[in-house]
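Inspection log for the structure reproduced underneath, given as structure tokens.
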Amino acid sequence: MHIRYLLALVLLPHLVLADDSATSLDTGAQCLVEPPVPIPQAEETDTPINLQQITIVSDRTSAKMGDKTNFDGDVTFSQGGRHISADSAILDQANERLDANGNLVFQDSMFTVTADSLSAEMRSNNAQLNSAQYWLHGQQIHGEAQKLEITQDNNLHLTNTNFTTCPPGDSSWLLEAETIKIDSSEEWGELWNAKLKVGDVPVFYLPYMTIPVSEKRKSGFLFPAFSTSTTNGVELATPYYWNIAPEYDLTFTPHYMSARGLFLKTEFRYLMGEAQQGQFNAEYLADDSLMPNKDDRYLYHWQHKGAINDNWRVLANYTNVSDNNYFNDLKSDVLRSTDNQLSRIGEIAYFENNWDITAKVQDIKVLGEDESPYQVMPQVGFNYRSPALWSGLDFNLLGEATNFRHQDDQYATAKRIHIEPSITLPIHGPAGSLTSELKLMQTNYWQDLTSNVSSDKLDSTVSRTLPQVRIHGQINFERFTDYFDANYRQTLEPQFQYLYVGYEDQSNIGIYDTARLQDDYYGLFRDRRFSGLDRIADANQMTLGLTTRLFDEHNLETFKFSIGQTYYFEDSKVGLTDPSLPNQMLKQENTSNSVLAAELNTKIYNDWFMSGAIQYDTKNSDNKKSEVTLDFRPETNKLLQLSYRYVPDLINSNTNESVNISQTGVRAAWPINDNWYIVGNWYYDLNESRSVETYTGFQYESCCWALRLSYHYRIKTNYDDDLEPSFDDRELFEHGFYLNFVIKGLGGSGPLGVADMLNDGLFNYRKPLYLKN
């Protein structure tokens, strides 16, 4: 017999136990714990749950009007997305009480609860489930409770309870508590007499603690990090996360180093509306014991970005440190030891459909360099775009006004205005493309000369007008072919570029924001040889390039080779020198060098991949730069990589001498079994005949916890220090052991994963570009 009732069912709170860490755990092993019964699908409706119709279905029903109704055999109660099933149930209409027993299951869209029995007082909106087990949908968290009670305020009380993120039958860790009280409105829970068990062994006891019961973050300690190294000694970091408000949080990390002292790190994050965010970092180490004068060392950093509205954008970034070797000696949360530039920038921009305007100030501090770059104080840029202005012609207008300042009086300061209109005729089709461009570049300088800058080298005012003509074309050929008994689609893409730029003597202009650009394959087809505007090289040249690709039957690119070279009809007369600096040895550049650039990315066979690039000076028969990488990637998290790179004539900032870089490396990541991984790398300097970095890491990771032990040996970059200019007693190499431990579901000190281990060093892992497994 099927009987349909309209009544108010007790509302159970939505219970969601969330990770209490400041950031979510990104790991390789994820195991979803499913309840023993299917999860129901919630009905989509705008009607409140307490007003939705309830359907009661059973095999047998006996009822007495105004008294009790008995339901027996496969009893189900349904209300929207909530369901209760039991072997039998009694509905006491007079006392408004519901009792259900036998194979009882309560479910909604958030969680599933099984229990021996359920008693609900509908008048007071209270309910109690005995011997309950619960599972959270879409998460790993599940647990047991001797008694699970729903209060009148729709809160949840659990007595003699526990929870874990481990699969059923796995007792790797378990959190037990005498009482857990869940506040559904505040979305947090209180635990009394809680103890943490690892492998059935109690390891930690807390008389009181709190946990989140939603995706909201909760204040509390995160898991500590432990390490030991030759420079810092024994290290222990214990971060504390403070959830100040939904739009503010702070992480405070006391980081003790036995060789240096107590290193304090603070990170404050904030949101401004839905489109702006930022953070502030402050780090401080008082009386560094390894410094001869026991100096204080510090960092402060502020970053902000976002949109004010649909048109306005803002960006700010400022970092400062106490000394040049701050990142080399201390593990900062802001930058790595390989970063040697501190960016300070403030920018506001306004965007419309076909134009935008930007205003910014910028300063860059280069660690270890005696000479500082120019400051941009300020710069205003304007861009106007008018596609298909007339008969297929595109019109663009670029404008810029910049004020350059310098902290050193021996440098000239300047104001610069640059206007660059251009007309472009693009012709595109499946067979190729042809783009013709005519550009006029007008630049004016007003240079403020100091007594330290010779007036016969720089002019106080400069007007420079340069025309530019650029014609770029490409033809696309393709055919179907077969190699090694496999079918491919092969393309042949020859391209050319003719570039003409007029000449003017620019030796009367200082160098404010200009540097030499890289001469790789794609750089051959740029219309500039230098970044910035202080030097615009004259050109009368033709660039020829060729790219060929192979696509397999699934249209995946498996081979790509590009080669190109620039041919100069006239040698360029503009070089990158700064005549304003006293006693500067001008760099003699052969600007007519023709570099042959080639790049290769290919899948050699099955899971073997190779990538390489070379820049070869054909005029002087000189290798300007080369690198090659061989990868074996049979599946996810399996990697073996061999690499070599050669870069000549790099300038050592400390000695101002030219050095060559010739390094080879081996990198591997391999799972030993489903839970154990090993990651290692080794890089060797062939010129110096020494290792520059060795890293070995072992990681165990299951569904509910992870452990990593690693060893690191690496060369240190030691700069002339602002604090201790005469301090030469610095270690050239550093080595140490590092230990990370995370219990998933109870917070963590950071992600533990193979990708994270591959990037934990001086040389990050780089996958060959574009090619797929």
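Letters A, B, ... mark the chains of the structure tokens in the order given; residue numbers begin at 1 per chain; ligand numbers begin at 1, in order shown.
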Next item on the list: Considering only C-alpha atoms, return as a PyMOL selection string whatever protein or nucleic-acid residues lie within 7 Å of region 662-669 of chain A, sequence-local ones (same chain, fewer than 3 positions apart) excluded.
Entry: chain A and resi 637-647+678-687
Save out the residues we just selected, C-alpha atoms, as an mmCIF file, in the first residue's frame.
data_model
loop_
_atom_site.group_PDB
_atom_site.id
_atom_site.type_symbol
_atom_site.label_atom_id
_atom_site.label_comp_id
_atom_site.auth_asym_id
_atom_site.auth_seq_id
_atom_site.Cartn_x
_atom_site.Cartn_y
_atom_site.Cartn_z
ATOM 1 C CA ASN A 637 54.744 10.990 -13.270
ATOM 2 C CA LYS A 638 57.324 8.866 -15.107
ATOM 3 C CA LEU A 639 60.193 10.867 -16.528
ATOM 4 C CA LEU A 640 63.822 10.507 -17.527
ATOM 5 C CA GLN A 641 65.454 13.606 -19.019
ATOM 6 C CA LEU A 642 68.971 14.254 -20.333
ATOM 7 C CA SER A 643 69.938 17.820 -21.189
ATOM 8 C CA TYR A 644 72.834 19.969 -22.316
ATOM 9 C CA ARG A 645 73.139 23.731 -22.764
ATOM 10 C CA TYR A 646 75.898 26.028 -23.988
ATOM 11 C CA VAL A 647 75.846 29.831 -23.692
ATOM 12 C CA ILE A 678 61.575 8.987 -6.291
ATOM 13 C CA VAL A 679 62.710 12.229 -7.921
ATOM 14 C CA GLY A 680 66.304 13.221 -8.573
ATOM 15 C CA ASN A 681 68.450 15.504 -10.677
ATOM 16 C CA TRP A 682 72.124 16.161 -11.220
ATOM 17 C CA TYR A 683 73.670 19.069 -13.116
ATOM 18 C CA TYR A 684 77.367 19.264 -13.933
ATOM 19 C CA ASP A 685 79.477 22.235 -15.086
ATOM 20 C CA LEU A 686 81.842 20.978 -17.804
ATOM 21 C CA ASN A 687 83.991 24.124 -17.725
#
Margin query: With only C-alpha atoms as the counted atoms, please give the residues lying no more than 9 Å from Asp287 (chain A), apart from itself and same-chain residues fewer than 2 positions off, as a ChimeraX atom specification.
Written below: /A:260-261,285,289-291,293-297
Once DSSP has gone over the backbone, tell me which residues of region 504-698 of chain A are in helix (DSSP H, G or I), as a short mmCIF file (atom, residue, chain, number, x, y, z; two decimals) with N, CA, C and O atoms, in the first residue's frame.
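Output below, filename part_11.cif:
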data_model
loop_
_atom_site.label_atom_id
_atom_site.label_comp_id
_atom_site.auth_asym_id
_atom_site.auth_seq_id
_atom_site.Cartn_x
_atom_site.Cartn_y
_atom_site.Cartn_z
N TYR A 522 62.17 32.76 -33.82
CA TYR A 522 61.06 33.69 -33.91
C TYR A 522 61.54 35.14 -33.82
O TYR A 522 60.89 36.04 -34.36
N GLY A 523 62.68 35.35 -33.18
CA GLY A 523 63.23 36.70 -33.11
C GLY A 523 63.73 37.22 -34.44
O GLY A 523 63.86 38.43 -34.64
N LEU A 524 64.02 36.31 -35.37
CA LEU A 524 64.47 36.74 -36.69
C LEU A 524 63.41 37.55 -37.42
O LEU A 524 63.73 38.36 -38.30
N PHE A 525 62.13 37.32 -37.07
CA PHE A 525 61.04 37.96 -37.79
C PHE A 525 60.47 39.17 -37.03
O PHE A 525 59.41 39.66 -37.39
#
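Omitting region 339-343 of chain A and its sequence neighbours fewer than 4 positions away, and counting only C-alpha atoms, the residues within 6 Å are Thr319, Ile364, Lys365, Val366 and Leu367 of chain A.
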Suppose we keep N, CA, C and O atoms; can you now write the selection as a compact mmCIF listing (two decimals), in the first residue's frame?
# COMPACT_ATOMS: atom_id res chain seq x y z
N THR A 319 58.74 45.38 -3.76
CA THR A 319 59.51 44.48 -2.92
C THR A 319 60.82 45.16 -2.53
O THR A 319 61.47 45.79 -3.37
N ILE A 364 63.36 49.15 -10.84
CA ILE A 364 63.86 47.78 -10.72
C ILE A 364 65.19 47.81 -9.99
O ILE A 364 66.11 48.54 -10.38
N LYS A 365 65.27 47.02 -8.92
CA LYS A 365 66.52 46.89 -8.19
C LYS A 365 67.15 45.55 -8.57
O LYS A 365 66.52 44.50 -8.45
N VAL A 366 68.38 45.59 -9.05
CA VAL A 366 69.11 44.38 -9.44
C VAL A 366 70.08 44.03 -8.33
O VAL A 366 71.00 44.80 -8.03
N LEU A 367 69.88 42.89 -7.71
CA LEU A 367 70.72 42.46 -6.60
C LEU A 367 72.11 42.11 -7.11
O LEU A 367 72.26 41.41 -8.12
Note to self: At a cut-off of 8 Å, using only C-alpha atoms, what residues contact Asn718 (chain A)? Leave out same-chain residues fewer than 4 positions from it and give the result as number ranges by chain.
What the structure shows: A: 325, 328, 730, 732
Notebook entry, point to check: Near region 386-402 of chain A, within 7 Å and counting only C-alpha atoms, which residues show up once chain neighbours fewer than 4 positions away are dropped, as a ChimeraX atom specification?
Noted result: /A:354,376,378-382,415-425
I need the chosen residues saved as a compact mmCIF listing (two decimals), in the first residue's frame, with all heavy atoms.
# COMPACT_ATOMS: atom_id res chain seq x y z
N ASN A 354 38.50 50.10 -28.96
CA ASN A 354 39.56 50.31 -29.95
C ASN A 354 40.66 51.24 -29.47
O ASN A 354 41.47 51.69 -30.27
CB ASN A 354 38.96 50.86 -31.25
CG ASN A 354 38.23 52.18 -31.03
OD1 ASN A 354 37.93 52.54 -29.90
ND2 ASN A 354 37.95 52.89 -32.10
N VAL A 376 61.28 54.82 -14.10
CA VAL A 376 60.24 55.41 -14.94
C VAL A 376 59.30 56.17 -14.01
O VAL A 376 58.54 55.58 -13.26
CB VAL A 376 59.48 54.33 -15.73
CG1 VAL A 376 58.32 54.93 -16.49
CG2 VAL A 376 60.43 53.60 -16.67
N PRO A 378 56.84 59.44 -14.41
CA PRO A 378 56.07 58.24 -14.76
C PRO A 378 56.18 57.99 -16.26
O PRO A 378 56.96 58.63 -16.96
CB PRO A 378 54.65 58.66 -14.39
CG PRO A 378 54.62 60.12 -14.77
CD PRO A 378 56.01 60.65 -14.53
N GLN A 379 55.31 57.09 -16.75
CA GLN A 379 55.16 56.83 -18.19
C GLN A 379 53.68 56.76 -18.53
O GLN A 379 52.92 56.09 -17.83
CB GLN A 379 55.84 55.53 -18.59
CG GLN A 379 55.72 55.21 -20.08
CD GLN A 379 56.34 53.87 -20.42
OE1 GLN A 379 55.71 52.83 -20.29
NE2 GLN A 379 57.61 53.89 -20.84
N VAL A 380 53.28 57.46 -19.57
CA VAL A 380 51.89 57.44 -20.05
C VAL A 380 51.90 56.89 -21.47
O VAL A 380 52.61 57.40 -22.33
CB VAL A 380 51.25 58.84 -20.01
CG1 VAL A 380 49.82 58.78 -20.55
CG2 VAL A 380 51.25 59.40 -18.60
N GLY A 381 51.15 55.81 -21.69
CA GLY A 381 51.08 55.18 -23.00
C GLY A 381 49.68 55.22 -23.57
O GLY A 381 48.68 55.15 -22.83
N PHE A 382 49.59 55.33 -24.89
CA PHE A 382 48.29 55.40 -25.56
C PHE A 382 48.33 54.51 -26.79
O PHE A 382 49.32 54.51 -27.54
CB PHE A 382 47.98 56.84 -25.97
CG PHE A 382 46.71 57.00 -26.75
CD1 PHE A 382 45.47 56.98 -26.11
CD2 PHE A 382 46.74 57.13 -28.14
CE1 PHE A 382 44.30 57.11 -26.84
CE2 PHE A 382 45.57 57.26 -28.86
CZ PHE A 382 44.35 57.25 -28.20
N LYS A 415 63.45 63.18 -20.61
CA LYS A 415 62.03 63.06 -20.93
C LYS A 415 61.93 62.64 -22.39
O LYS A 415 62.68 63.14 -23.23
CB LYS A 415 61.29 64.37 -20.69
CG LYS A 415 61.31 64.84 -19.24
CD LYS A 415 60.62 66.18 -19.11
CE LYS A 415 60.61 66.64 -17.66
NZ LYS A 415 61.97 66.87 -17.14
N ARG A 416 61.01 61.72 -22.67
CA ARG A 416 60.90 61.18 -24.03
C ARG A 416 59.44 61.12 -24.45
O ARG A 416 58.57 60.69 -23.69
CB ARG A 416 61.51 59.78 -24.07
CG ARG A 416 61.48 59.15 -25.47
CD ARG A 416 62.10 57.77 -25.43
NE ARG A 416 61.26 56.79 -24.75
CZ ARG A 416 61.68 55.61 -24.30
NH1 ARG A 416 62.95 55.27 -24.45
NH2 ARG A 416 60.85 54.79 -23.69
N ILE A 417 59.19 61.57 -25.69
CA ILE A 417 57.87 61.45 -26.29
C ILE A 417 58.03 60.69 -27.61
O ILE A 417 58.89 61.04 -28.43
CB ILE A 417 57.22 62.82 -26.54
CG1 ILE A 417 56.90 63.50 -25.20
CG2 ILE A 417 55.96 62.67 -27.36
CD1 ILE A 417 56.26 64.86 -25.36
N HIS A 418 57.23 59.66 -27.77
CA HIS A 418 57.32 58.81 -28.96
C HIS A 418 55.93 58.64 -29.55
O HIS A 418 54.97 58.31 -28.84
CB HIS A 418 57.90 57.45 -28.60
CG HIS A 418 58.02 56.51 -29.77
ND1 HIS A 418 59.04 56.60 -30.69
CD2 HIS A 418 57.23 55.48 -30.18
CE1 HIS A 418 58.89 55.66 -31.60
NE2 HIS A 418 57.79 54.97 -31.31
N ILE A 419 55.80 58.85 -30.85
CA ILE A 419 54.55 58.67 -31.58
C ILE A 419 54.82 57.76 -32.76
O ILE A 419 55.78 57.97 -33.51
CB ILE A 419 53.97 60.02 -32.05
CG1 ILE A 419 53.67 60.93 -30.85
CG2 ILE A 419 52.70 59.80 -32.86
CD1 ILE A 419 53.19 62.30 -31.23
N GLU A 420 53.96 56.75 -32.96
CA GLU A 420 54.22 55.72 -33.96
C GLU A 420 52.93 55.34 -34.69
O GLU A 420 52.26 54.39 -34.33
CB GLU A 420 54.83 54.50 -33.28
CG GLU A 420 55.36 53.43 -34.21
CD GLU A 420 56.05 52.32 -33.43
OE1 GLU A 420 57.04 52.62 -32.72
OE2 GLU A 420 55.58 51.17 -33.52
N PRO A 421 52.55 56.06 -35.73
CA PRO A 421 51.40 55.64 -36.54
C PRO A 421 51.82 54.59 -37.55
O PRO A 421 52.96 54.58 -38.03
CB PRO A 421 50.97 56.94 -37.22
CG PRO A 421 52.23 57.73 -37.32
CD PRO A 421 53.08 57.37 -36.13
N SER A 422 50.89 53.69 -37.89
CA SER A 422 51.20 52.65 -38.87
C SER A 422 49.95 52.29 -39.65
O SER A 422 48.83 52.37 -39.14
CB SER A 422 51.76 51.40 -38.18
OG SER A 422 50.80 50.82 -37.32
N ILE A 423 50.16 51.90 -40.92
CA ILE A 423 49.10 51.42 -41.80
C ILE A 423 49.48 50.02 -42.26
O ILE A 423 50.61 49.81 -42.74
CB ILE A 423 48.90 52.36 -43.00
CG1 ILE A 423 48.44 53.74 -42.53
CG2 ILE A 423 47.88 51.78 -43.96
CD1 ILE A 423 48.32 54.74 -43.65
N THR A 424 48.55 49.08 -42.11
CA THR A 424 48.83 47.68 -42.43
C THR A 424 47.78 47.14 -43.38
O THR A 424 46.59 47.41 -43.21
CB THR A 424 48.85 46.83 -41.14
OG1 THR A 424 49.75 47.40 -40.20
CG2 THR A 424 49.27 45.40 -41.43
N LEU A 425 48.24 46.37 -44.36
CA LEU A 425 47.34 45.69 -45.28
C LEU A 425 47.54 44.18 -45.09
O LEU A 425 48.48 43.60 -45.62
CB LEU A 425 47.62 46.08 -46.73
CG LEU A 425 46.75 45.37 -47.78
CD1 LEU A 425 45.28 45.69 -47.58
CD2 LEU A 425 47.21 45.74 -49.19
